[in-house]
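Okay, so here's the structure we're looking at.
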Amino acid sequence: MSFWNWLFPRTPLRLSSPLAVDQAAQALRAASARGNLTATGTVVGQVRGERVHLYHRAPMRNSFKPHFRGRLYATAQGCELRGRFALPGLVLAFSAFWFCFCLLWSVITAAQLGGADLRLLPAILPGLLLMGFGVGLLRLGQHLASDDPRLLTRVLRQALQCPSP
């Protein structure tokens, strides 16, 4: 597993359902609390046509929890839900900006120091420490939401009336 995949995991999911696409979308809508801003401990999100976006709303706010994004496809036996669990796009973009900024800070500081006095080498530390803080915060948030994919998969299986694995 590469460092990038360890830091920003993307877990694919494929579920086959005996329901038709329209019925499956309706069942997923019924299983989620759409637009309920105060619901906690529930599955929240949107199902628009064939597109599905769901996440678990826990009592504690966590921007680093995985969201499920997928699509329903018609098959001869009913439909298939294909998607993946991943960080929300805005969180991914901000994290990439954060890491690039910290790396750029460290590289520019090192370049400005050049072959100067080695006692100035600790000037690189703030960028590296901020990068380490970002990695730690990201992994802590993912750890706190480690049960979310399992919970969402269970809700998806029940709503789509999938056979047991």
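Going by the structure tokens order, chains are called A, B, ..., each with residues numbered from 1, while ligands are numbered from 1 in the order shown.
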Which parts of range 5-57 of chain A does DSSP call alpha helix (DSSP H) when run on the backbone here, written out as a count of residues only? 14
If you count only C-alpha atoms, which residues fall within 6 Å of range 154-165 of chain A, apart from same-chain ones fewer than 6 positions away, as an MDAnalysis selection string? chainID A and resid 17 24 27:28
With only C-alpha atoms as the atoms that count, which of A:Gly114, A:Pro122, A:Gly83, A:Gly134 lies nearest to Phe99 in chain A? A:Gly134
A:Gly49, A:Pro88, A:Pro9, A:Gly132 ranked by distance to Tyr73 in chain A, top pick (using only C-alpha atoms):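 Between A:Gly49, A:Pro88, A:Pro9, A:Gly132, the residue approaching Tyr73 in chain A most closely is A:Gly49.
Taking range 52-153 of chain A and asking which residues DSSP calls strand (DSSP E) on the backbone, you get Val52, His53, Leu54, Tyr55, His56, Arg57, His67, Phe68, Arg69, Gly70, Arg71, Leu72, Tyr73, Ala74, Thr75, Gly78, Cys79, Glu80, Leu81, Arg82, Gly83, Arg84, Phe85 and Ala86 of chain A.
From CA of Ala93 in chain A back to CA of Leu137 in chain A, the distance works out to 15.2 Å.
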Compare A:Pro59, A:Gly89, A:Gly127, A:Pro66 by their minimum atom-to-atom distance to His143 in chain A, counting only C-alpha atoms, and give me the closest one.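 Looking only at the distances to His143 in chain A, the closest residue turns out to be A:Pro66.
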Which value, in Å to one decimal, gives the distance between CA of Leu92 in chain A and CA of Asn62 in chain A?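 Result for CA of Leu92 in chain A versus CA of Asn62 in chain A: 13.6 Å, one decimal.
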With only C-alpha atoms as the basis for distance, which of A:Leu7, A:Val91, A:Ala33, A:Ala76 is at the shortest distance from Arg139 in chain A? A:Leu7
Show me, as CSV, the residues of range 49-87 of chain A having an atom within 8 Å of range 146-152 of chain A, each with the closest atom pair and its distance in Å, using only C-alpha atoms.
residue,atom,partner,partner_atom,distance
A:Leu54,CA,A:Leu152,CA,7.8
A:Tyr55,CA,A:Leu152,CA,7.1
A:His56,CA,A:Asp148,CA,6.2
A:Lys65,CA,A:Asp148,CA,7.5
A:Pro66,CA,A:Asp148,CA,7.1
A:Phe68,CA,A:Leu152,CA,7.9
A:Phe85,CA,A:Pro149,CA,6.8
Selection file, N, CA and C atoms, as a CSV table (one decimal), in the first residue's frame:
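Wrote it out as again16.csv, contents follow:
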chain,number,residue,atom,x,y,z
A,54,LEU,N,-24.0,8.9,0.7
A,54,LEU,CA,-24.4,8.6,2.1
A,54,LEU,C,-23.2,8.7,3.0
A,55,TYR,N,-23.5,9.1,4.2
A,55,TYR,CA,-22.5,9.0,5.3
A,55,TYR,C,-23.2,8.8,6.6
A,56,HIS,N,-22.4,8.5,7.6
A,56,HIS,CA,-23.0,8.2,9.0
A,56,HIS,C,-22.8,9.5,9.8
A,65,LYS,N,-14.3,11.6,8.2
A,65,LYS,CA,-15.0,10.3,8.1
A,65,LYS,C,-15.3,10.0,6.6
A,66,PRO,N,-15.3,8.7,6.3
A,66,PRO,CA,-15.5,8.4,4.9
A,66,PRO,C,-17.0,8.6,4.5
A,68,PHE,N,-19.8,7.5,1.4
A,68,PHE,CA,-20.0,6.6,0.3
A,68,PHE,C,-20.6,7.3,-0.9
A,85,PHE,N,-16.0,4.2,-0.6
A,85,PHE,CA,-15.9,5.0,0.6
A,85,PHE,C,-14.6,5.8,0.5
The residue from A:Leu13, A:Leu130, A:Ala20, A:Ala74 with the smallest atom-to-atom distance to Ala86 in chain A, counting only C-alpha atoms, is A:Leu13
